[in-house]
Every structure is written in C-alpha cells, then in structure tokens.
$ cat start_29.txt   # compact mmCIF, C-alpha atoms
# COMPACT_ATOMS: atom_id res chain seq x y z
CA MET A 276 -14.23 -31.26 -12.06
CA THR A 277 -11.67 -34.03 -11.91
CA THR A 278 -9.30 -34.34 -9.03
CA GLU A 279 -6.28 -36.50 -8.50
CA PRO A 280 -6.45 -39.21 -5.85
CA GLY A 281 -5.63 -37.71 -2.47
CA MET A 282 -6.52 -34.17 -3.53
CA THR A 283 -9.65 -32.16 -2.84
CA LYS A 284 -10.56 -28.88 -4.52
CA VAL A 285 -12.60 -26.07 -3.08
CA THR A 286 -13.87 -23.65 -5.72
CA PHE A 287 -16.15 -20.63 -5.63
CA ALA A 288 -16.63 -17.55 -7.78
CA TYR A 289 -17.32 -13.98 -6.78
CA GLY A 290 -17.63 -11.30 -9.44
CA ARG A 291 -14.99 -11.78 -12.09
CA TYR A 292 -12.70 -13.82 -9.82
CA THR A 293 -12.71 -17.56 -9.15
CA TYR A 294 -10.99 -18.99 -6.07
CA ILE A 295 -9.50 -22.50 -6.26
CA HIS A 296 -7.97 -24.22 -3.24
CA ASP A 297 -5.97 -27.37 -3.91
CA ASN A 298 -5.78 -29.29 -0.65
CA HIS A 299 -3.49 -32.31 -0.95
CA ASP A 300 -3.99 -35.35 1.26
CA GLY A 301 -1.28 -37.97 1.48
CA PRO A 302 2.40 -37.54 0.56
CA PHE A 303 1.92 -33.93 -0.61
CA GLU A 304 -0.25 -32.85 2.31
CA ALA A 305 2.21 -30.13 3.26
CA VAL A 306 1.59 -28.29 -0.03
CA ASP A 307 -1.33 -25.88 0.22
CA ALA A 308 -2.07 -24.12 -3.09
CA HIS A 309 -4.49 -21.21 -3.50
CA HIS A 310 -5.31 -19.79 -6.93
CA ILE A 311 -7.23 -16.66 -7.96
CA VAL A 312 -8.31 -16.91 -11.60
CA VAL A 313 -9.62 -13.91 -13.55
CA GLN A 314 -12.62 -14.55 -15.78
CA ARG A 315 -12.33 -12.53 -18.96
CA SER A 316 -15.40 -10.42 -19.45
CA SER A 317 -17.50 -10.60 -22.60
CA THR A 318 -17.52 -6.79 -22.67
CA GLY A 319 -13.73 -6.77 -23.10
CA ARG A 320 -13.96 -9.19 -26.01
CA PHE A 321 -16.71 -7.11 -27.62
CA LEU A 322 -14.64 -3.93 -27.32
CA ALA A 323 -11.61 -5.69 -28.83
CA TYR A 324 -13.71 -6.79 -31.81
CA ILE A 325 -15.11 -3.29 -32.28
CA ALA A 326 -11.61 -1.78 -32.10
CA SER A 327 -10.29 -4.20 -34.72
CA ILE A 328 -13.25 -3.47 -37.04
CA LEU A 329 -12.66 0.28 -36.66
CA LEU A 330 -8.96 -0.21 -37.39
CA LEU A 331 -9.73 -2.15 -40.56
CA ALA A 332 -12.33 0.44 -41.64
CA ASN A 333 -9.78 3.21 -41.13
CA ALA A 334 -7.20 1.31 -43.17
CA PHE A 335 -9.73 0.69 -45.95
CA ASN A 336 -10.65 4.39 -45.97
CA ILE A 337 -7.01 5.41 -46.29
CA LEU A 338 -6.40 2.96 -49.14
CA THR A 339 -9.47 3.83 -51.18
CA TYR A 340 -9.46 7.61 -50.93
CA LYS A 341 -5.80 8.48 -50.66
CA GLU A 342 -3.79 6.26 -52.94
CA ASN A 343 -0.37 7.59 -51.97
CA LEU A 344 -0.72 6.85 -48.25
CA HIS A 345 0.19 3.15 -48.25
CA ALA A 346 2.82 3.82 -45.61
CA VAL A 347 0.20 5.34 -43.29
CA PHE A 348 -1.95 2.25 -43.74
CA LEU A 349 1.01 -0.03 -42.98
CA TRP A 350 2.04 1.91 -39.88
CA SER A 351 -1.50 2.21 -38.50
CA THR A 352 -2.06 -1.53 -39.00
CA LEU A 353 1.25 -2.43 -37.37
CA LEU A 354 0.63 -0.11 -34.41
CA GLY A 355 -2.89 -1.47 -33.95
CA LEU A 356 -1.64 -5.06 -33.99
CA LEU A 357 1.18 -4.20 -31.59
CA PHE A 358 -1.29 -2.53 -29.20
CA ALA A 359 -3.67 -5.52 -29.33
CA LYS A 360 -0.84 -7.99 -28.77
CA SER A 361 0.69 -6.05 -25.89
CA SER A 362 -2.64 -5.67 -24.12
CA HIS A 363 -3.21 -9.42 -24.42
CA TRP A 364 0.30 -10.32 -23.25
CA LYS A 365 0.19 -8.11 -20.18
CA ARG A 366 -3.20 -9.41 -19.07
CA VAL A 367 -3.01 -11.39 -15.82
CA VAL A 368 -4.82 -14.71 -16.05
CA LYS A 369 -4.11 -16.13 -12.58
CA GLU A 370 -2.19 -15.44 -9.39
CA SER A 371 -1.27 -18.30 -7.07
CA VAL A 372 -0.02 -18.71 -3.51
CA VAL A 373 1.67 -22.03 -2.76
CA VAL A 374 2.28 -22.51 0.97
CA MET A 375 4.94 -25.05 1.92
CA PRO A 376 5.04 -25.02 5.76
CA THR A 377 8.60 -26.32 6.09
CA PHE A 378 10.15 -24.22 3.30
CA GLY A 379 8.25 -21.03 2.54
CA VAL A 380 5.71 -19.41 0.27
CA GLN A 381 5.86 -19.27 -3.51
CA LEU A 382 3.93 -16.47 -5.20
CA GLU A 383 3.15 -16.86 -8.91
CA THR A 384 1.70 -14.47 -11.49
CA HIS A 385 0.47 -16.04 -14.76
CA TYR A 386 0.10 -13.77 -17.81
CA GLY A 387 -1.95 -14.25 -20.98
CA SER A 388 1.23 -14.73 -23.00
CA GLY A 389 2.12 -17.82 -20.96
CA ARG A 390 4.85 -16.05 -18.99
CA ILE A 391 4.96 -16.88 -15.27
CA ILE A 392 6.75 -14.81 -12.66
CA HIS A 393 7.77 -16.71 -9.51
CA ARG A 394 8.69 -15.12 -6.19
CA PHE A 395 9.81 -17.31 -3.29
CA VAL A 396 9.85 -16.12 0.31
CA PRO A 397 11.53 -18.40 2.89
CA LEU A 398 9.35 -19.09 5.91
CA GLY A 399 11.98 -17.76 8.33
CA LYS A 400 11.83 -14.30 6.72
CA ILE A 401 8.04 -13.92 7.11
CA LEU A 402 7.18 -12.13 10.35
CA LYS A 403 3.42 -11.92 9.84
CA PRO A 404 0.77 -11.97 7.09
CA LEU A 405 -1.60 -8.97 7.10
CA LEU A 406 -5.01 -8.20 5.65
CA ASN A 407 -5.10 -4.50 4.82
CA GLU A 408 -8.03 -2.34 3.89
CA CYS A 409 -6.77 0.11 1.26
CA VAL A 410 -8.67 3.36 0.83
CA THR A 411 -8.18 5.65 -2.15
CA PRO A 412 -10.19 8.73 -3.14
CA VAL A 413 -12.08 6.61 -5.67
CA THR A 414 -12.44 3.14 -4.16
CA CYS A 415 -11.82 0.87 -1.21
CA TYR A 416 -10.39 -2.65 -1.49
CA TRP A 417 -8.62 -5.34 0.56
CA SER A 418 -5.09 -6.57 0.03
CA LEU A 419 -2.98 -9.34 1.50
CA ALA A 420 0.60 -8.48 2.44
CA LEU A 421 3.56 -10.02 4.22
CA ILE A 422 5.83 -8.35 6.76
CA ILE A 423 9.32 -9.50 5.75
CA ARG A 424 12.26 -9.52 8.16
CA GLY A 425 14.84 -6.90 7.14
CA GLU A 426 12.58 -5.16 4.58
CA SER A 427 11.24 -1.65 5.07
CA GLU A 428 8.11 -2.17 2.93
CA LEU A 429 5.32 -4.72 2.93
CA MET A 430 5.33 -7.38 0.21
CA LEU A 431 1.99 -7.64 -1.57
CA VAL A 432 0.91 -11.23 -2.14
CA PHE A 433 -1.23 -10.31 -5.15
CA GLN A 434 0.77 -7.85 -7.26
CA GLU A 435 -1.76 -7.35 -10.05
CA LEU A 436 -5.19 -8.53 -8.88
CA ARG A 437 -7.56 -7.15 -6.25
CA PRO A 438 -9.65 -10.15 -5.21
CA PRO A 439 -12.50 -9.69 -2.73
CA VAL A 440 -11.91 -10.25 0.97
CA LYS A 441 -13.91 -13.52 0.90
CA MET A 442 -11.10 -15.01 -1.19
CA LEU A 443 -8.28 -13.44 0.81
CA VAL A 444 -9.37 -14.77 4.22
CA PRO A 445 -8.65 -18.49 3.57
CA ILE A 446 -5.25 -17.60 2.12
CA TRP A 447 -4.49 -15.36 5.10
CA LYS A 448 -5.47 -18.15 7.51
CA ALA A 449 -3.21 -20.63 5.68
CA LEU A 450 -0.32 -18.17 5.83
CA CYS A 451 -0.95 -17.56 9.56
CA ALA A 452 -0.95 -21.31 10.21
CA ALA A 453 2.28 -21.80 8.25
CA THR A 454 4.10 -18.96 10.03
CA ASP A 455 2.63 -19.74 13.47
CA SER A 456 1.13 -16.24 13.62
CA LYS A 457 -2.00 -15.59 15.61
CA GLU A 458 -5.11 -14.94 13.56
CA SER A 459 -6.24 -11.66 15.06
CA SER A 460 -8.48 -9.00 13.71
CA ASP A 461 -10.29 -5.98 15.11
CA THR A 462 -13.38 -6.67 13.05
CA ASP A 463 -15.17 -9.76 11.79
CA ILE A 464 -13.62 -10.04 8.34
CA GLU A 465 -15.53 -13.14 7.27
CA GLY A 466 -18.83 -11.34 7.65
CA ASP A 467 -17.74 -8.50 5.37
CA ASP A 468 -19.34 -8.68 1.89
CA ARG A 469 -16.99 -6.37 -0.02
$ encode --input "start_29.txt" --output "structure tokens"
Amino acid sequence: MTTEPGMTKVTFAYGRYTYIHDNHDGPFEAVDAHHIVVQRSSTGRFLAYIASILLLANAFNILTYKENLHAVFLWSTLLGLLFAKSSHWKRVVKESVVVMPTFGVQLETHYGSGRIIHRFVPLGKILKPLLNECVTPVTCYWSLALIIRGESELMLVFQELRPPVKMLVPIWKALCAATDSKESSDTDIEGDDR
C-alpha cells in the first residue's frame, strides 16, 4: 500500500467491511479521515450471473415458442436490465467520516454509480457522539450517532452501513477528541467481539 509523505494508514478487515484510517502528519495533521469500505461478496456476483442467465433463457423461450410475443420479450429484457442497473447504482461502496477539529465533521456516502452524498456538521452544533447498541427482534448491531444542538433526533454517522463495533470505536474516539467530549462507557466496548 502506497502512502503519501507525511501520511500513515491504518487498515484492517472484519467480515465484509474494511476499515481505513488516514492519519495525516504535517500541514494536514488536523484532517482525520476514517473510511469503511464494503467488500462485494462473490455470492452476490454469482447470483447476479444466474439471474441474467435465467432472464436470457426466459427471453429465448418466449421468442422460440411464441412468435407473436416480441413485445413481451422486449419489456422483460428492459425491466431486467433496469432492475440490474438500479441495484448496482444504489449499492453503497464506502462511507467516510472526515474530522476537521477546527471546522466540523464531513460525512460521505459513496455509491456504486459514482454518486457521492456529502453531509457537513459544524463542530459547534455537535453536543456529543454516541455509540448505541440497537436491538431488533431479529438482530443486534452497533451504530454511531451524533447529538446535534437544536435537533430532536440523533444523526446517524453511517446511514447505510452497519460496521462492527471494532471499527466504530476509533471513529467515536476521534469524534470525542474533536468535540472535547469525555469518552465514557458503561461497558468495555473494545473488548466486545460483535
């Protein structure tokens, strides 16, 4: 892995997520960037190939056995391509947290289509970053949220992804350091293997 002069990278993977921490030394030392990258599974690719083969087989069946249904073939092909394209475009590739201690926090969501959504939160509006354990009837996961001054709801840092707590803790600590919040927890989060 190549790094620029004055920049160190910390990288580790856990499950389908990879955590990358860009720590700048020198003139950009105030910028602290954390990235969570999603590794695309080979199972997803395999299922996409199977679905496209089934779509083509269906189209071939319609053309060979029912000669007057060219419109059905055209519509089924177009709908299949539209579905494949939309599922690729909506897929999240990476979510980033860029902490700038004097200005604020920039949250970025990168999609498979190349579209990037930026959200900027000024540092003065952040009251405290929180690590939450979310429990649903089916699963349990951790999330990172910000308490924003004047807002009635928490702002989720990761809108689309659910990275493991091992990746959330360094980001939470960086946000606590930037907002001068105390790092306090009832339990030992770093020792949790979820």
$ atom_distance --input "start_29.txt" --atom1 "atom CA of A:Leu330" --atom2 "atom CA of A:Ser388"
22.8 Å
$ residues_near_point --input "start_29.txt" --point "(7.0, -17.5, 4.6)" --cutoff "9 Å" --atoms "all atoms listed in the file" --output "PyMOL selection string"
chain A and resi 374-376+378-381+395-404+421+423+450+453-454
$ atom_distance --input "start_29.txt" --atom1 "atom CA of A:His296" --atom2 "atom CA of A:Glu426"
29.1 Å
$ axis_aligned_box --input "start_29.txt" --around "stretch 404-421 of chain A" --padding-each-side "3 Å" --output "AutoDock Vina command-line options"
--center_x -4.4 --center_y -1.6 --center_z 0.7 --size_x 22.0 --size_y 26.7 --size_z 18.8
$ closest_residue --input "start_29.txt" --among "A:Leu431, A:Met442, A:Lys448, A:Ile391" --to "A:Thr286" --atoms "all atoms listed in the file"
A:Met442
$ residues_around --input "start_29.txt" --residues "A:Arg437" --least-positions-apart "3" --cutoff "8 Å" --atoms "only C-alpha atoms" --output "PyMOL selection string"
chain A and resi 416-418+433
$ closest_residue --input "start_29.txt" --among "A:Val440, A:Asp297, A:Thr384, A:Ile422" --to "A:Glu408" --atoms "only C-alpha atoms"
A:Val440
$ residues_around --input "start_29.txt" --residues "A:Lys369" --least-positions-apart "6" --cutoff "8 Å" --atoms "all atoms listed in the file" --output "count of residues only"
7
$ atom_distance --input "start_29.txt" --atom1 "atom CA of A:Val372" --atom2 "atom CA of A:Cys409"
20.6 Å
$ closest_residue --input "start_29.txt" --among "A:Leu356, A:Pro439, A:Ala305, A:Arg291" --to "A:Ala452" --atoms "all atoms listed in the file"
A:Ala305
$ closest_residue --input "start_29.txt" --among "A:Val306, A:Leu443, A:Leu436, A:Leu331" --to "A:Leu405" --atoms "all atoms listed in the file"
A:Leu443
$ closest_residue --input "start_29.txt" --among "A:Pro438, A:Leu406, A:Asp307, A:Thr377" --to "A:Asp455" --atoms "all atoms listed in the file"
A:Thr377
